[in-house]
Amino acid sequence: MNLLVPLVVTIPLLGSALTLALGRRRPLQIVVSVLALTLVAVIGAVLLVQIDQTGPAVVQVGGWAAPWGIVLVVDRLAAIMLLVSALMLLGVLLFAVGQGIVDGDRETPVSIFHPTYLVLAAGLFNAFIAGDLFNLYVGFEMLLSASYVLLTLGGTGARIRVGVTYIVVSLVSSILFLSAIALIYGATGTVTMALIADRVADLPPDVQLILNLLLLLAFCVKAAVFPLSFWLPDSYPTAPAPVTAVFAGLLTKVGIYAIIRTQTLLFPESPLSVPLMVVAFLTMTVGILGALAQADIKRMLSFTLVSHIGYMIFGIAMGTPLAITATIFYVVHHITVQTTLFLCAGLIERVGGTTSLARLGGLLKAAPFVAFLFFVGALNLGGIPPFSGFLGKIALFQAGAEIAEPVTYVLMGAGAATSLLTLYALARVWNIAFWRGEGEVEDYESPMLDALLEDPDDEGAVTTRTISPLMTGATTALLLLTVSLTVFAGPIFALTARAAADIETPATYIDAVFPNGTP
Amino acid sequence: MSASLTLVIVMAVMYAAGVYVMLERSLTRVLIGFLLVGNATNLLIFLMSGRPGTSPIVTGTSADAAMVDPVPQVLMLTAIVINFGITALILALIYRSWWLARLGDEGDTVTDEHAAETVESTEESFRSVSEDEAASQEDLDASERGTETGPDQQHQHQQGGEGGETAGAPGTGMTL
């Protein structure tokens, strides 16, 4: 079983090399990348089932024992993240392939799309299974480098302009992370997370606080936590639709994953609970207020993405077993639903030729199935019962009520308000883009929309292009996945509860890495 | 843990200068700032190995006690490689944004200044190839059924050659 762990990184990397060599044979490229991601998804599922029964899987790379060699650790949380992200990557890849087939691959230089996409996947999986901080850093760098290339795909003026902002912000956060690793090494003499967790308690409290803050700062930039989220709504919407979907679903969640590890494994006694709640409150409210003021569907979705990161930070800040359970459930829900909605935005762009609300209309008639996909996804994100968005939020609120402090009640209120406002923002898209008649678009006068038209690169409606069945098929599959989170909420919630129980007792993790006691 | 004061000062200066330069508008300066800050971070990692010592080679003798901590050097090496790759990417981006700023989106369709020469030389090579082919074809035809069809064949070959040139010309425009 342990042999499977390194494969989740090596398979996509080998696939990447192979697709690069097959640059001129697109059908083969597609076969290789679909195969690679399918394999990883299968491995993720097998690992999840096994680990759920036998406890964390630990691999010592190169046979070097823990503090000296690199360890790969897969506990329940990592296995859940592996499986969900592999499925998402696979779904989005199929969507991208469908889009490429319709366009005849002329639109984007697809010969580099597949290799880069697989490197992104490998970096993502590497970050999830990393047992030491430095390997986590390498995973981050792999996925970020790939994301730089994917974001600036085609090298158009708009993409280069936002790409530069994105890259500079990411580089600064990477340097912060690296400095944090250096200081942690200086303070504890190791980068293995299990050993840091063991030794960090002996440090003076102020040193602990500095190290904790430095790590959090680096991860909060990646997770787009307010006020470090300013870069996200500008950079994501300009990328091609499938790329935006992957970024929105997965890249911010790697940051969340790293924050969970920091706050539960490395610094479980962290005094930062209340500051994190304040930040969560601001992320939720500022994010959703931004979403209300957008006239472009992709930008609106990017702002809701930022706003919903607040829920996860809220859960991490509470830190009780129920809160962590709810957070993991919410992460899984949010990865799937946000990816699906961004793919829906991609479909809307194809049908309507634009994602600007000022020019869309009559989509319900033009594309009833896309309307259905968007509607279900929107209800789910807005937290309408019985969907998983509602279940995740109610679990978070339960955890808040359990703690029963004024600050958690404030956060619960903000969470409920954010949920309502999300619904409002999505209903506005529904009313304008889907319900409004196509004939109304010309004479429709809305001072609000006029005031909101601020997109400098808006080139007006493009000619409508066809949608391939593969694109709708991939989106439908992901939507079914989000719905199945509702249908199988019981078992999934039980699983996330067990994952949270692992996390709540860092000793489980430490013992798995050091079966004979820490050195 | 003790550390070299010189290195600490150098690191601090590099951090300060790097952050200052990174705040500039020009992308090239941002890159220089990133290089400075990145290397300052490498120095920070290096400083964490503490007191200078002998090279980290295990000899099994008492000399091992004075050995310097090798782990930060390994971490640094990886960080340097990553920085190198990202620097290359940013350089490509800078070039691309310079290209776009100078020529706009039309830049992709502009042929380079040597386009005329290239077209001429390809034209020549095409012509010589088609002439060769026409000549050999002529010989073949002559040996088979006489010489009447010769000039026609030659003309067709010329046309094919010119078609190839015009298709080849846009390829000389620069794309990234």
# chains A, B, ... in the order shown; residues from 1 in each chain; ligands from 1
call {"tool": "interface_residues", "arguments": {"of": "chain A", "to": "chain B", "cutoff": "6 Å", "atoms": "only C-alpha atoms", "output": "PyMOL selection string"}}
result
chain A and resi 179+182+186
call {"tool": "residues_around", "arguments": {"residues": "Gly382 (chain A)", "least_positions_apart": "2", "cutoff": "7 Å", "atoms": "only C-alpha atoms", "output": "list of chain:residue names"}}
result
A:Ala378, A:Leu379, A:Asn380, A:Ile384, A:Gly389, A:Ser419, A:Leu420, A:Thr422, A:Leu423
call {"tool": "write_last_selection", "arguments": {"atoms": "C-alpha atoms", "output": "PDB file, in the first residue's frame"}}
result
ATOM      1  CA  ALA A 378     -25.965  28.349  -7.521  1.00  0.00           C
ATOM      2  CA  LEU A 379     -28.471  26.934  -5.026  1.00  0.00           C
ATOM      3  CA  ASN A 380     -25.725  24.727  -3.646  1.00  0.00           C
ATOM      4  CA  ILE A 384     -30.146  26.280   0.187  1.00  0.00           C
ATOM      5  CA  GLY A 389     -23.479  24.056   1.146  1.00  0.00           C
ATOM      6  CA  SER A 419     -24.956  33.065   2.636  1.00  0.00           C
ATOM      7  CA  LEU A 420     -28.028  35.193   1.887  1.00  0.00           C
ATOM      8  CA  THR A 422     -24.373  34.951  -2.057  1.00  0.00           C
ATOM      9  CA  LEU A 423     -27.842  33.812  -2.981  1.00  0.00           C
TER      10      LEU A 423
END
call {"tool": "select_by_dssp", "arguments": {"residues": "region 139-306 of chain A", "states": "helix (DSSP H, G or I)", "output": "ChimeraX atom specification"}}
result
/A:139-151,157-188,193-202,205-223,232-238,241-266,273-292,297-306
call {"tool": "residues_around", "arguments": {"residues": "region 291-300 of chain A", "least_positions_apart": "6", "cutoff": "10 Å", "atoms": "only C-alpha atoms", "output": "PyMOL selection string"}}
result
chain A and resi 232-238+241+244-245+285+306-307+341-346+348-349+354-360+421-422+424-426+428-429+433+448-455+458
call {"tool": "write_last_selection", "arguments": {"atoms": "N, CA and C atoms", "output": "compact mmCIF listing (two decimals), in the first residue's frame"}}
result
# COMPACT_ATOMS: atom_id res chain seq x y z
N LEU A 232 -6.72 38.13 -6.26
CA LEU A 232 -7.45 37.02 -6.86
C LEU A 232 -8.51 37.44 -7.88
N PRO A 233 -9.45 38.35 -7.51
CA PRO A 233 -10.53 38.65 -8.47
C PRO A 233 -10.03 39.30 -9.74
N ASP A 234 -8.84 39.85 -9.72
CA ASP A 234 -8.31 40.44 -10.94
C ASP A 234 -7.68 39.41 -11.86
N SER A 235 -6.98 38.44 -11.24
CA SER A 235 -6.19 37.56 -12.09
C SER A 235 -6.97 36.36 -12.59
N TYR A 236 -7.84 35.77 -11.76
CA TYR A 236 -8.48 34.52 -12.19
C TYR A 236 -9.37 34.67 -13.43
N PRO A 237 -10.23 35.71 -13.53
CA PRO A 237 -11.20 35.68 -14.62
C PRO A 237 -10.60 35.80 -16.02
N THR A 238 -9.36 36.28 -16.15
CA THR A 238 -8.80 36.47 -17.49
C THR A 238 -8.30 35.18 -18.11
N ALA A 241 -11.39 29.43 -19.45
CA ALA A 241 -12.38 28.93 -18.49
C ALA A 241 -11.92 27.70 -17.70
N THR A 244 -9.33 28.73 -15.08
CA THR A 244 -9.94 29.46 -13.96
C THR A 244 -10.63 28.48 -13.01
N ALA A 245 -11.32 27.50 -13.59
CA ALA A 245 -12.06 26.54 -12.76
C ALA A 245 -11.11 25.79 -11.83
N THR A 285 -17.42 39.15 4.65
CA THR A 285 -18.27 40.31 4.34
C THR A 285 -17.69 41.12 3.18
N VAL A 306 -13.58 34.24 -2.76
CA VAL A 306 -12.86 34.87 -1.65
C VAL A 306 -13.72 34.86 -0.40
N SER A 307 -15.00 35.24 -0.57
CA SER A 307 -15.87 35.37 0.58
C SER A 307 -16.06 34.03 1.30
N LEU A 341 -19.25 25.71 -10.89
CA LEU A 341 -19.82 27.00 -11.29
C LEU A 341 -18.92 27.72 -12.29
N PHE A 342 -17.61 27.61 -12.11
CA PHE A 342 -16.72 28.26 -13.07
C PHE A 342 -16.80 27.58 -14.44
N LEU A 343 -16.99 26.25 -14.43
CA LEU A 343 -17.18 25.58 -15.72
C LEU A 343 -18.49 26.03 -16.35
N CYS A 344 -19.54 26.22 -15.51
CA CYS A 344 -20.81 26.75 -16.03
C CYS A 344 -20.58 28.12 -16.66
N ALA A 345 -19.77 28.96 -16.00
CA ALA A 345 -19.47 30.27 -16.57
C ALA A 345 -18.79 30.11 -17.92
N GLY A 346 -17.93 29.08 -18.02
CA GLY A 346 -17.29 28.79 -19.31
C GLY A 346 -18.33 28.44 -20.37
N ILE A 348 -21.51 29.34 -20.31
CA ILE A 348 -22.28 30.56 -20.60
C ILE A 348 -21.52 31.42 -21.60
N GLU A 349 -20.18 31.48 -21.40
CA GLU A 349 -19.36 32.28 -22.31
C GLU A 349 -19.46 31.74 -23.74
N THR A 354 -20.14 36.01 -24.17
CA THR A 354 -19.56 36.91 -23.19
C THR A 354 -20.00 36.46 -21.80
N THR A 355 -19.33 36.96 -20.76
CA THR A 355 -19.83 36.70 -19.41
C THR A 355 -20.29 38.00 -18.77
N SER A 356 -20.39 39.06 -19.56
CA SER A 356 -20.82 40.34 -19.01
C SER A 356 -22.34 40.38 -18.92
N LEU A 357 -22.84 40.71 -17.73
CA LEU A 357 -24.29 40.69 -17.52
C LEU A 357 -25.01 41.71 -18.39
N ALA A 358 -24.30 42.77 -18.79
CA ALA A 358 -24.95 43.81 -19.58
C ALA A 358 -25.37 43.29 -20.94
N ARG A 359 -24.71 42.26 -21.43
CA ARG A 359 -24.99 41.81 -22.79
C ARG A 359 -25.63 40.44 -22.87
N LEU A 360 -25.78 39.77 -21.72
CA LEU A 360 -26.37 38.44 -21.75
C LEU A 360 -27.87 38.54 -21.58
N LEU A 421 -26.49 36.84 1.00
CA LEU A 421 -26.00 37.75 -0.04
C LEU A 421 -25.45 36.98 -1.23
N THR A 422 -24.84 35.80 -0.95
CA THR A 422 -24.37 34.95 -2.06
C THR A 422 -25.55 34.58 -2.94
N TYR A 424 -28.28 36.19 -3.22
CA TYR A 424 -28.73 37.38 -3.92
C TYR A 424 -27.88 37.61 -5.17
N ALA A 425 -26.56 37.52 -5.00
CA ALA A 425 -25.66 37.76 -6.14
C ALA A 425 -25.93 36.76 -7.26
N LEU A 426 -26.14 35.49 -6.88
CA LEU A 426 -26.36 34.47 -7.89
C LEU A 426 -27.73 34.62 -8.53
N ARG A 428 -29.26 37.36 -9.01
CA ARG A 428 -29.17 38.49 -9.93
C ARG A 428 -28.65 38.00 -11.29
N VAL A 429 -27.62 37.15 -11.25
CA VAL A 429 -27.11 36.58 -12.50
C VAL A 429 -28.21 35.79 -13.20
N ALA A 433 -29.20 37.12 -16.77
CA ALA A 433 -28.63 36.36 -17.89
C ALA A 433 -29.60 35.31 -18.40
N MET A 448 -27.63 50.67 -12.61
CA MET A 448 -26.68 49.88 -11.81
C MET A 448 -25.68 49.17 -12.72
N LEU A 449 -26.22 48.52 -13.76
CA LEU A 449 -25.32 47.80 -14.67
C LEU A 449 -24.39 48.76 -15.39
N ASP A 450 -24.93 49.93 -15.78
CA ASP A 450 -24.08 50.91 -16.46
C ASP A 450 -22.92 51.33 -15.57
N ALA A 451 -23.27 51.53 -14.30
CA ALA A 451 -22.23 51.97 -13.37
C ALA A 451 -21.19 50.87 -13.15
N LEU A 452 -21.62 49.62 -13.35
CA LEU A 452 -20.72 48.52 -13.03
C LEU A 452 -19.82 48.13 -14.20
N LEU A 453 -20.15 48.62 -15.38
CA LEU A 453 -19.36 48.21 -16.54
C LEU A 453 -17.97 48.82 -16.46
N GLU A 454 -17.08 48.07 -15.93
CA GLU A 454 -15.76 48.64 -15.66
C GLU A 454 -14.65 47.80 -16.26
N ASP A 455 -15.04 46.69 -16.87
CA ASP A 455 -14.03 45.78 -17.40
C ASP A 455 -13.28 46.44 -18.56
N ASP A 458 -13.05 44.49 -22.04
CA ASP A 458 -14.25 43.95 -22.63
C ASP A 458 -14.29 44.28 -24.11
call {"tool": "residues_around", "arguments": {"residues": "region 66-82 of chain A", "least_positions_apart": "2", "cutoff": "8 Å", "atoms": "only C-alpha atoms", "output": "VMD selection string"}}
result
chain A and resid 5 to 6 41 44 to 45 47 to 48 51 to 52 55 to 64 84 to 86 125 128 to 132 135 190 to 192 195 328 332 496 498 to 500 502 509 513 to 514
call {"tool": "write_last_selection", "arguments": {"atoms": "N, CA and C atoms", "output": "compact mmCIF listing (two decimals), in the first residue's frame"}}
result
# COMPACT_ATOMS: atom_id res chain seq x y z
N VAL A 5 1.90 5.59 -2.46
CA VAL A 5 1.97 7.01 -2.07
C VAL A 5 2.83 7.84 -3.02
N PRO A 6 4.10 7.43 -3.29
CA PRO A 6 4.89 8.29 -4.19
C PRO A 6 4.34 8.34 -5.61
N ALA A 41 -6.57 9.26 -9.44
CA ALA A 41 -7.87 9.25 -8.75
C ALA A 41 -8.12 7.87 -8.15
N GLY A 44 -5.92 7.47 -5.21
CA GLY A 44 -6.46 8.26 -4.11
C GLY A 44 -7.59 7.53 -3.42
N ALA A 45 -8.48 6.90 -4.20
CA ALA A 45 -9.61 6.19 -3.61
C ALA A 45 -9.12 4.99 -2.81
N LEU A 47 -6.15 4.56 -1.45
CA LEU A 47 -5.46 5.05 -0.25
C LEU A 47 -6.47 5.46 0.81
N LEU A 48 -7.54 6.15 0.38
CA LEU A 48 -8.53 6.63 1.34
C LEU A 48 -9.17 5.47 2.07
N ILE A 51 -6.43 3.76 4.35
CA ILE A 51 -5.98 4.56 5.49
C ILE A 51 -7.10 4.72 6.50
N ASP A 52 -8.32 4.75 5.99
CA ASP A 52 -9.45 4.86 6.89
C ASP A 52 -9.49 3.65 7.83
N GLY A 55 -4.95 3.51 9.45
CA GLY A 55 -4.18 4.65 9.96
C GLY A 55 -3.23 5.18 8.91
N PRO A 56 -2.53 6.29 9.23
CA PRO A 56 -1.74 7.01 8.24
C PRO A 56 -0.69 6.13 7.56
N ALA A 57 -0.48 6.37 6.27
CA ALA A 57 0.57 5.69 5.51
C ALA A 57 1.79 6.61 5.49
N VAL A 58 2.95 6.04 5.83
CA VAL A 58 4.18 6.84 5.86
C VAL A 58 5.20 6.18 4.95
N VAL A 59 5.82 6.98 4.08
CA VAL A 59 6.85 6.46 3.20
C VAL A 59 8.12 7.26 3.43
N GLN A 60 9.22 6.53 3.66
CA GLN A 60 10.50 7.22 3.81
C GLN A 60 11.21 7.14 2.47
N VAL A 61 11.28 8.28 1.79
CA VAL A 61 11.83 8.29 0.44
C VAL A 61 13.32 7.97 0.49
N GLY A 62 13.73 7.02 -0.36
CA GLY A 62 15.14 6.65 -0.42
C GLY A 62 15.59 5.80 0.76
N GLY A 63 14.65 5.39 1.61
CA GLY A 63 15.00 4.53 2.73
C GLY A 63 15.68 5.24 3.88
N TRP A 64 15.76 6.58 3.84
CA TRP A 64 16.36 7.32 4.93
C TRP A 64 15.30 7.57 6.00
N VAL A 84 -10.39 14.11 -3.94
CA VAL A 84 -11.26 15.16 -4.48
C VAL A 84 -10.54 15.96 -5.56
N SER A 85 -9.27 16.31 -5.30
CA SER A 85 -8.60 17.15 -6.30
C SER A 85 -8.31 16.36 -7.57
N ALA A 86 -8.02 15.05 -7.44
CA ALA A 86 -7.79 14.26 -8.66
C ALA A 86 -9.06 14.21 -9.49
N PHE A 125 -0.54 17.38 -5.61
CA PHE A 125 -0.51 16.14 -4.86
C PHE A 125 0.70 16.10 -3.94
N PHE A 128 -0.02 17.86 -0.80
CA PHE A 128 -0.90 17.15 0.11
C PHE A 128 -0.18 16.04 0.86
N ILE A 129 0.80 15.37 0.21
CA ILE A 129 1.42 14.23 0.87
C ILE A 129 2.73 14.61 1.56
N ALA A 130 3.14 15.88 1.48
CA ALA A 130 4.43 16.27 2.05
C ALA A 130 4.43 16.07 3.56
N GLY A 131 5.48 15.43 4.05
CA GLY A 131 5.60 15.23 5.49
C GLY A 131 6.56 16.21 6.12
N ASP A 132 7.24 17.00 5.29
CA ASP A 132 8.09 18.03 5.86
C ASP A 132 7.82 19.36 5.17
N ASN A 135 9.36 20.08 1.66
CA ASN A 135 8.70 19.39 0.56
C ASN A 135 7.37 20.07 0.23
N THR A 190 14.95 21.22 12.54
CA THR A 190 14.38 20.21 11.65
C THR A 190 13.34 20.87 10.75
N VAL A 191 13.03 20.20 9.63
CA VAL A 191 11.91 20.67 8.81
C VAL A 191 10.82 19.60 8.73
N THR A 192 11.06 18.44 9.36
CA THR A 192 10.03 17.41 9.38
C THR A 192 8.88 17.87 10.27
N LEU A 195 8.34 16.30 13.71
CA LEU A 195 9.35 16.64 14.71
C LEU A 195 9.20 18.10 15.17
N ILE A 328 -13.46 20.58 7.05
CA ILE A 328 -13.03 19.66 6.00
C ILE A 328 -14.19 19.38 5.06
N VAL A 332 -14.31 20.30 0.97
CA VAL A 332 -14.67 19.37 -0.10
C VAL A 332 -15.85 19.93 -0.90
N THR A 496 -15.13 12.72 7.53
CA THR A 496 -14.42 13.95 7.88
C THR A 496 -14.30 14.06 9.41
N ARG A 498 -13.77 11.51 11.39
CA ARG A 498 -12.60 10.69 11.75
C ARG A 498 -11.32 11.42 11.37
N ALA A 499 -11.33 12.11 10.20
CA ALA A 499 -10.15 12.87 9.78
C ALA A 499 -9.85 13.96 10.81
N ALA A 500 -10.92 14.63 11.29
CA ALA A 500 -10.73 15.68 12.28
C ALA A 500 -10.21 15.11 13.59
N ASP A 502 -8.23 12.56 13.89
CA ASP A 502 -6.79 12.38 13.66
C ASP A 502 -6.06 13.68 13.93
N TYR A 509 -0.29 11.56 14.25
CA TYR A 509 0.57 11.90 13.13
C TYR A 509 2.03 11.66 13.51
N VAL A 513 4.92 8.86 11.98
CA VAL A 513 6.20 9.18 11.37
C VAL A 513 7.35 8.59 12.18
N PHE A 514 7.21 8.65 13.50
CA PHE A 514 8.27 8.12 14.38
C PHE A 514 7.69 6.99 15.22
call {"tool": "atom_distance", "arguments": {"atom1": "CA of Leu215 (chain A)", "atom2": "CA of Leu176 (chain A)"}}
result
7.5 Å
call {"tool": "residues_around", "arguments": {"residues": "Pro469 (chain A)", "least_positions_apart": "6", "cutoff": "12 Å", "atoms": "only C-alpha atoms", "output": "ChimeraX atom specification"}}
result
/A:94-99,101-102,347,369-370,475-477
call {"tool": "select_by_dssp", "arguments": {"residues": "region 66-100 of chain A", "states": "strand (DSSP E or B)", "output": "MDAnalysis selection string"}}
result
chainID A and resid 70:74
call {"tool": "write_last_selection", "arguments": {"atoms": "N, CA and C atoms", "output": "compact mmCIF listing (two decimals), in the first residue's frame"}}
result
# COMPACT_ATOMS: atom_id res chain seq x y z
N ILE A 70 13.36 12.39 3.51
CA ILE A 70 12.08 13.03 3.23
C ILE A 70 10.99 12.02 3.54
N VAL A 71 10.01 12.44 4.33
CA VAL A 71 8.88 11.53 4.58
C VAL A 71 7.66 12.03 3.83
N LEU A 72 6.90 11.06 3.31
CA LEU A 72 5.61 11.37 2.72
C LEU A 72 4.56 10.79 3.66
N VAL A 73 3.62 11.60 4.09
CA VAL A 73 2.61 11.14 5.04
C VAL A 73 1.23 11.35 4.43
N VAL A 74 0.44 10.29 4.41
CA VAL A 74 -0.94 10.43 3.96
C VAL A 74 -1.84 10.02 5.11
call {"tool": "atom_distance", "arguments": {"atom1": "CA of Val286 (chain A)", "atom2": "CA of Ser270 (chain A)"}}
result
25.6 Å
call {"tool": "closest_residue", "arguments": {"among": "B:Val74, B:Gln137, B:Glu131, B:Thr28", "to": "Tyr95 (chain B)", "atoms": "only C-alpha atoms"}}
result
B:Thr28
call {"tool": "decode", "arguments": {"residues": "region 3-52 of chain B", "atoms": "C-alpha atoms", "output": "mmCIF file, in the first residue's frame"}}
result
data_model
loop_
_atom_site.group_PDB
_atom_site.id
_atom_site.type_symbol
_atom_site.label_atom_id
_atom_site.label_comp_id
_atom_site.auth_asym_id
_atom_site.auth_seq_id
_atom_site.Cartn_x
_atom_site.Cartn_y
_atom_site.Cartn_z
ATOM 1 C CA ALA B 3 26.361 33.306 13.306
ATOM 2 C CA SER B 4 28.671 35.449 11.258
ATOM 3 C CA LEU B 5 27.824 39.132 11.715
ATOM 4 C CA THR B 6 29.033 39.954 8.197
ATOM 5 C CA LEU B 7 26.543 37.552 6.692
ATOM 6 C CA VAL B 8 23.729 38.974 8.812
ATOM 7 C CA ILE B 9 24.533 42.503 7.644
ATOM 8 C CA VAL B 10 24.818 41.430 4.006
ATOM 9 C CA MET B 11 21.496 39.624 4.296
ATOM 10 C CA ALA B 12 19.772 42.632 5.847
ATOM 11 C CA VAL B 13 21.098 44.968 3.169
ATOM 12 C CA MET B 14 20.004 42.593 0.434
ATOM 13 C CA TYR B 15 16.521 42.269 1.908
ATOM 14 C CA ALA B 16 16.171 46.037 2.238
ATOM 15 C CA ALA B 17 17.493 46.802 -1.238
ATOM 16 C CA GLY B 18 15.447 43.998 -2.766
ATOM 17 C CA VAL B 19 12.167 45.111 -1.222
ATOM 18 C CA TYR B 20 12.886 48.705 -2.243
ATOM 19 C CA VAL B 21 13.584 47.767 -5.864
ATOM 20 C CA MET B 22 10.579 45.428 -5.997
ATOM 21 C CA LEU B 23 8.292 48.373 -5.300
ATOM 22 C CA GLU B 24 9.224 49.998 -8.606
ATOM 23 C CA ARG B 25 6.833 49.947 -11.549
ATOM 24 C CA SER B 26 9.263 48.558 -14.077
ATOM 25 C CA LEU B 27 9.121 44.786 -14.415
ATOM 26 C CA THR B 28 12.856 44.443 -14.872
ATOM 27 C CA ARG B 29 13.418 46.129 -11.523
ATOM 28 C CA VAL B 30 10.841 43.869 -9.910
ATOM 29 C CA LEU B 31 12.875 40.949 -11.219
ATOM 30 C CA ILE B 32 16.105 42.387 -9.825
ATOM 31 C CA GLY B 33 14.338 42.952 -6.510
ATOM 32 C CA PHE B 34 13.106 39.369 -6.523
ATOM 33 C CA LEU B 35 16.628 38.103 -7.171
ATOM 34 C CA LEU B 36 18.005 40.163 -4.279
ATOM 35 C CA VAL B 37 15.275 39.107 -1.845
ATOM 36 C CA GLY B 38 15.503 35.485 -2.983
ATOM 37 C CA ASN B 39 19.240 35.392 -2.383
ATOM 38 C CA ALA B 40 18.843 37.181 0.930
ATOM 39 C CA THR B 41 16.499 34.353 1.929
ATOM 40 C CA ASN B 42 19.134 31.854 0.820
ATOM 41 C CA LEU B 43 21.605 33.609 3.094
ATOM 42 C CA LEU B 44 19.069 33.410 5.915
ATOM 43 C CA ILE B 45 18.814 29.650 5.408
ATOM 44 C CA PHE B 46 22.599 29.443 5.308
ATOM 45 C CA LEU B 47 22.904 31.394 8.544
ATOM 46 C CA MET B 48 20.766 28.766 10.246
ATOM 47 C CA SER B 49 23.604 26.262 9.988
ATOM 48 C CA GLY B 50 25.285 28.262 12.759
ATOM 49 C CA ARG B 51 29.010 28.397 13.418
ATOM 50 C CA PRO B 52 31.292 27.791 10.427
#
